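The data block below is protein_12.cif; it holds mmCIF, C-alpha atoms.
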data_structure
#
loop_
_atom_site.label_atom_id
_atom_site.label_comp_id
_atom_site.auth_asym_id
_atom_site.auth_seq_id
_atom_site.Cartn_x
_atom_site.Cartn_y
_atom_site.Cartn_z
CA MET A 1 214.49 145.97 105.72
CA ALA A 2 212.55 149.12 106.55
CA ASP A 3 210.33 149.20 109.64
CA ASN A 4 207.24 149.46 107.47
CA GLN A 5 206.64 148.63 103.84
CA GLU A 6 203.47 149.30 101.88
CA ALA A 7 202.05 148.51 98.47
CA THR A 8 198.66 149.56 97.10
CA LEU A 9 196.83 148.76 93.88
CA THR A 10 193.40 149.99 92.77
CA LEU A 11 191.54 147.91 90.20
CA PRO A 12 188.19 148.09 88.40
CA SER A 13 185.42 145.97 89.92
CA ALA A 14 185.55 143.39 87.13
CA PRO A 15 186.17 139.63 87.19
CA ALA A 16 189.57 139.96 85.47
CA SER A 17 190.73 142.13 88.37
CA VAL A 18 190.69 139.14 90.74
CA THR A 19 193.61 137.62 88.83
CA ALA A 20 195.40 140.99 88.78
CA ALA A 21 194.96 141.35 92.56
CA ARG A 22 196.36 137.86 93.17
CA ARG A 23 199.33 138.57 90.88
CA HIS A 24 200.00 141.90 92.62
CA VAL A 25 200.01 140.29 96.08
CA THR A 26 202.29 137.50 94.88
CA ASP A 27 204.77 139.91 93.27
CA VAL A 28 204.91 142.18 96.33
CA LEU A 29 205.34 139.32 98.78
CA LEU A 30 208.08 137.79 96.65
CA SER A 31 209.88 141.16 96.63
CA TRP A 32 209.58 141.24 100.43
CA GLY A 33 211.24 137.82 100.69
CA LEU A 34 208.34 135.42 101.16
CA GLY A 35 209.00 132.09 99.45
CA GLU A 36 207.07 131.22 96.28
CA GLY A 37 205.86 127.82 97.45
CA SER A 38 205.32 128.63 101.12
CA ASP A 39 202.05 127.79 102.85
CA VAL A 40 201.67 131.44 103.84
CA MET A 41 201.99 132.54 100.20
CA GLU A 42 199.35 130.04 99.11
CA SER A 43 197.01 131.11 101.92
CA LEU A 44 197.42 134.78 101.04
CA ARG A 45 196.75 134.10 97.36
CA LEU A 46 193.50 132.37 98.26
CA ILE A 47 192.54 135.08 100.77
CA VAL A 48 193.07 137.93 98.28
CA SER A 49 191.18 135.96 95.62
CA GLU A 50 188.19 135.55 97.93
CA LEU A 51 188.26 139.19 99.10
CA ALA A 52 188.61 140.56 95.56
CA THR A 53 185.83 138.28 94.32
CA ASN A 54 183.57 139.58 97.11
CA ALA A 55 184.43 143.17 96.17
CA VAL A 56 183.48 142.46 92.55
CA GLN A 57 180.38 140.32 93.09
CA HIS A 58 178.74 141.69 96.21
CA THR A 59 178.94 145.46 95.78
CA CYS A 60 176.01 145.44 93.35
CA GLY A 61 177.73 147.86 90.99
CA GLN A 62 177.99 150.48 93.75
CA SER A 63 181.78 150.25 93.91
CA PRO A 64 183.38 150.83 90.50
CA VAL A 65 186.83 150.01 91.90
CA PHE A 66 188.42 148.18 94.80
CA THR A 67 191.82 148.63 96.40
CA VAL A 68 194.30 146.04 97.64
CA ASP A 69 196.65 147.20 100.41
CA LEU A 70 199.63 145.30 101.73
CA ARG A 71 201.51 146.49 104.80
CA LEU A 72 204.46 144.85 106.45
CA GLU A 73 204.76 146.40 109.89
CA ARG A 74 208.10 146.19 111.71
CA ALA A 75 208.76 142.85 109.98
CA GLU A 76 206.33 141.35 112.50
CA TRP A 77 202.84 141.63 111.01
CA LEU A 78 201.57 141.45 107.48
CA ARG A 79 198.28 143.23 106.84
CA LEU A 80 196.28 142.58 103.68
CA GLY A 81 193.24 144.76 103.11
CA VAL A 82 190.68 144.93 100.33
CA SER A 83 188.55 148.10 100.26
CA ASP A 84 185.44 148.95 98.29
CA SER A 85 182.98 151.83 98.45
CA HIS A 86 179.85 149.77 99.14
CA PRO A 87 178.58 150.49 102.67
CA ARG A 88 177.33 146.97 103.45
CA ARG A 89 179.57 144.87 105.66
CA PRO A 90 180.35 141.33 104.49
CA ARG A 91 178.11 138.62 105.89
CA ARG A 92 177.65 134.91 105.62
CA LEU A 93 174.92 133.85 103.24
CA PRO A 94 172.04 131.61 104.37
CA ALA A 95 172.78 127.87 104.25
CA ALA A 96 170.52 127.32 101.22
CA VAL A 97 172.56 129.81 99.19
CA GLN A 98 175.87 128.39 100.39
CA GLN A 99 175.55 125.28 98.28
CA ASP A 100 177.12 126.98 95.27
CA ASN A 101 178.81 129.95 96.87
CA GLY A 102 178.99 131.96 100.07
CA ARG A 103 181.90 130.18 101.69
CA GLY A 104 184.49 132.91 101.05
CA LEU A 105 184.38 134.42 104.54
CA VAL A 106 184.55 130.98 106.14
CA ILE A 107 187.63 130.17 104.05
CA ILE A 108 189.25 133.50 104.93
CA ARG A 109 188.54 133.16 108.66
CA THR A 110 189.82 129.57 108.71
CA LEU A 111 193.06 130.32 106.86
CA THR A 112 193.65 133.40 108.99
CA ALA A 113 193.07 131.54 112.26
CA GLU A 114 195.29 128.65 111.17
CA SER A 115 198.10 131.16 110.57
CA GLY A 116 197.69 132.79 113.98
CA GLY A 117 196.06 135.94 112.60
CA ARG A 118 192.75 137.72 112.63
CA MET A 119 190.23 139.25 110.25
CA THR A 120 188.52 142.58 110.88
CA VAL A 121 186.22 144.91 108.98
CA ALA A 122 186.75 148.65 109.28
CA PRO A 123 185.20 151.74 107.68
CA ALA A 124 187.22 152.87 104.65
CA ARG A 125 188.21 156.44 103.93
CA GLY A 126 185.55 158.06 101.81
CA GLY A 127 182.88 155.49 102.74
CA GLY A 128 182.63 151.79 102.24
CA LYS A 129 184.73 149.31 104.15
CA THR A 130 188.05 147.50 104.27
CA VAL A 131 188.30 143.84 105.14
CA TRP A 132 191.67 143.38 106.83
CA VAL A 133 193.54 140.15 107.39
CA GLU A 134 196.48 140.41 109.76
CA LEU A 135 199.01 137.58 109.95
CA PRO A 136 202.28 137.16 111.81
CA TRP A 137 205.09 137.73 109.32
CA MET A 138 207.11 134.63 108.62
CA PRO A 139 210.58 135.90 107.76
CA PRO A 140 212.46 133.97 105.12
CA ALA A 141 214.70 131.22 106.44
CA ALA A 142 218.34 132.15 106.73
CA ALA A 143 220.29 130.99 103.71
#

Translate this file's structure into structure tokens.
Amino acid sequence: MADNQEATLTLPSAPASVTAARRHVTDVLLSWGLGEGSDVMESLRLIVSELATNAVQHTCGQSPVFTVDLRLERAEWLRLGVSDSHPRRPRRLPAAVQQDNGRGLVIIRTLTAESGGRMTVAPARGGGKTVWVELPWMPPAAA
């Protein structure tokens, strides 16, 4: 396996793109050897779904596309990033709003922490931001 592997996909900021982002992440991770039914795979599917949904719903039409980046660094760390061109950083919604939605960041932070990783927000090239989730890479079990 190479020291670093990368995969990037840019999608329109539309609800159907959430499914496409999840499928892309699944396909890439399978090609990198992560097991289909693993807990890490399921966590990453949920994380990318939440991040892509945020990129679609909370950019107020100011980001016509969003980008999903996957990076496997030295077979030690997996980085998943979702970038959009809206300048506002993600934030938790007030409790009253959270009844029907607004739990995405809590879910992402919880899943990331449970996997021994971390979530960060960084400025994106060309404006906007990237929400990064970094997890220790769980290599496939020896056959």

Do you know which residues are at most 10 Å from Gly61 in chain A counting all atoms listed in the file, after dropping those on the same chain fewer than 3 positions away, and could you put them as a PyMOL selection string? chain A and resi 13-14+55-58+64-65+85-86

- Message: Expand the PyMOL selection byres ((chain A and resi 67) around 9) into the explicit residue set it covers here, and present it as a PyMOL selection string.
- Response: chain A and resi 8-12+21+52+65-66+68-69+81-84+130

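Picture a line from CA of Lys129 in chain A to CA of Arg89 in chain A; it runs 7.0 Å.
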
Contact residues around Thr120 in chain A with only C-alpha atoms at 7 Å, ignoring same-chain residues under 6 positions, as a list in words
Val131, Trp132 and Val133 of chain A

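If you look at CA of Gln62 in chain A and CA of Leu78 in chain A, they are 28.7 Å away from each other.
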
The PyMOL selection byres ((chain A and resi 137) around 12) resolved against shown file, as a PyMOL selection string: chain A and resi 29+32-34+40-41+44+71-80+115-117+133-136+138-141

Resulting file, chosen residues, C-alpha atoms, as a tab-separated table (two decimals), in the frame of the given file:
chain	number	residue	atom	x	y	z
A	29	LEU	CA	205.34	139.32	98.78
A	32	TRP	CA	209.58	141.24	100.43
A	33	GLY	CA	211.24	137.82	100.69
A	34	LEU	CA	208.34	135.42	101.16
A	40	VAL	CA	201.67	131.44	103.84
A	41	MET	CA	201.99	132.54	100.20
A	44	LEU	CA	197.42	134.78	101.04
A	71	ARG	CA	201.51	146.49	104.80
A	72	LEU	CA	204.46	144.85	106.45
A	73	GLU	CA	204.76	146.40	109.89
A	74	ARG	CA	208.10	146.19	111.71
A	75	ALA	CA	208.76	142.85	109.98
A	76	GLU	CA	206.33	141.35	112.50
A	77	TRP	CA	202.84	141.63	111.01
A	78	LEU	CA	201.57	141.45	107.48
A	79	ARG	CA	198.28	143.23	106.84
A	80	LEU	CA	196.28	142.58	103.68
A	115	SER	CA	198.10	131.16	110.57
A	116	GLY	CA	197.69	132.79	113.98
A	117	GLY	CA	196.06	135.94	112.60
A	133	VAL	CA	193.54	140.15	107.39
A	134	GLU	CA	196.48	140.41	109.76
A	135	LEU	CA	199.01	137.58	109.95
A	136	PRO	CA	202.28	137.16	111.81
A	138	MET	CA	207.11	134.63	108.62
A	139	PRO	CA	210.58	135.90	107.76
A	140	PRO	CA	212.46	133.97	105.12
A	141	ALA	CA	214.70	131.22	106.44

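Interatomic distance, CA of Arg45 in chain A against CA of Pro123 in chain A: 23.5 Å.
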
If the box runs along x, y and z of the file and leaves 3 Å on each side of range 76-81 of chain A, what are its centre and edge lengths in Å, one decimal, as lines of an AutoDock Vina configuration file?
center_x = 199.8
center_y = 143.1
center_z = 107.8
size_x = 19.1
size_y = 9.4
size_z = 15.4

How would range 117-128 of chain A look with all heavy atoms restored, written as a CSV table (one decimal), keeping the file's coordinate frame?
chain,number,residue,atom,x,y,z
A,117,GLY,N,196.4,134.5,112.9
A,117,GLY,CA,196.1,135.9,112.6
A,117,GLY,C,194.6,136.2,112.9
A,117,GLY,O,194.0,135.5,113.7
A,118,ARG,N,194.1,137.3,112.4
A,118,ARG,CA,192.8,137.7,112.6
A,118,ARG,C,192.2,138.5,111.4
A,118,ARG,O,193.0,139.1,110.7
A,118,ARG,CB,192.6,138.5,113.9
A,118,ARG,CG,193.3,139.9,113.8
A,118,ARG,CD,193.3,140.6,115.2
A,118,ARG,NE,193.9,141.9,115.0
A,118,ARG,CZ,193.4,143.0,115.5
A,118,ARG,NH1,192.2,143.0,116.1
A,118,ARG,NH2,194.0,144.1,115.3
A,119,MET,N,190.9,138.5,111.3
A,119,MET,CA,190.2,139.2,110.2
A,119,MET,C,189.3,140.3,110.9
A,119,MET,O,188.7,140.0,111.9
A,119,MET,CB,189.4,138.3,109.4
A,119,MET,CG,188.7,139.0,108.2
A,119,MET,SD,187.5,138.0,107.3
A,119,MET,CE,186.0,138.5,108.0
A,120,THR,N,189.4,141.5,110.4
A,120,THR,CA,188.5,142.6,110.9
A,120,THR,C,187.9,143.3,109.7
A,120,THR,O,188.4,143.3,108.6
A,120,THR,CB,189.3,143.6,111.8
A,120,THR,OG1,190.4,144.1,111.0
A,120,THR,CG2,189.8,142.9,113.0
A,121,VAL,N,186.8,144.0,110.0
A,121,VAL,CA,186.2,144.9,109.0
A,121,VAL,C,186.2,146.3,109.6
A,121,VAL,O,185.7,146.5,110.7
A,121,VAL,CB,184.8,144.4,108.6
A,121,VAL,CG1,184.2,145.3,107.6
A,121,VAL,CG2,184.8,143.0,108.2
A,122,ALA,N,186.7,147.3,108.8
A,122,ALA,CA,186.8,148.6,109.3
A,122,ALA,C,186.2,149.6,108.2
A,122,ALA,O,186.2,149.3,107.0
A,122,ALA,CB,188.2,149.0,109.6
A,123,PRO,N,185.6,150.7,108.7
A,123,PRO,CA,185.2,151.7,107.7
A,123,PRO,C,186.4,152.2,106.8
A,123,PRO,O,187.5,152.4,107.4
A,123,PRO,CB,184.7,152.9,108.5
A,123,PRO,CG,184.5,152.3,109.9
A,123,PRO,CD,185.4,151.2,110.0
A,124,ALA,N,186.2,152.4,105.6
A,124,ALA,CA,187.2,152.9,104.6
A,124,ALA,C,187.1,154.4,104.5
A,124,ALA,O,186.0,155.0,104.7
A,124,ALA,CB,187.1,152.2,103.3
A,125,ARG,N,188.2,155.0,104.2
A,125,ARG,CA,188.2,156.4,103.9
A,125,ARG,C,187.3,156.7,102.8
A,125,ARG,O,187.3,156.0,101.8
A,125,ARG,CB,189.6,156.9,103.6
A,125,ARG,CG,190.5,157.0,104.7
A,125,ARG,CD,191.8,157.6,104.3
A,125,ARG,NE,192.9,156.9,105.0
A,125,ARG,CZ,194.1,156.8,104.5
A,125,ARG,NH1,194.4,157.3,103.3
A,125,ARG,NH2,195.0,156.1,105.2
A,126,GLY,N,186.5,157.7,102.9
A,126,GLY,CA,185.6,158.1,101.8
A,126,GLY,C,184.3,157.2,101.7
A,126,GLY,O,183.6,157.2,100.7
A,127,GLY,N,184.0,156.4,102.8
A,127,GLY,CA,182.9,155.5,102.7
A,127,GLY,C,183.3,154.1,102.4
A,127,GLY,O,184.4,153.8,102.0
A,128,GLY,N,182.4,153.2,102.5
A,128,GLY,CA,182.6,151.8,102.2
A,128,GLY,C,183.3,151.1,103.4
A,128,GLY,O,183.2,151.5,104.6
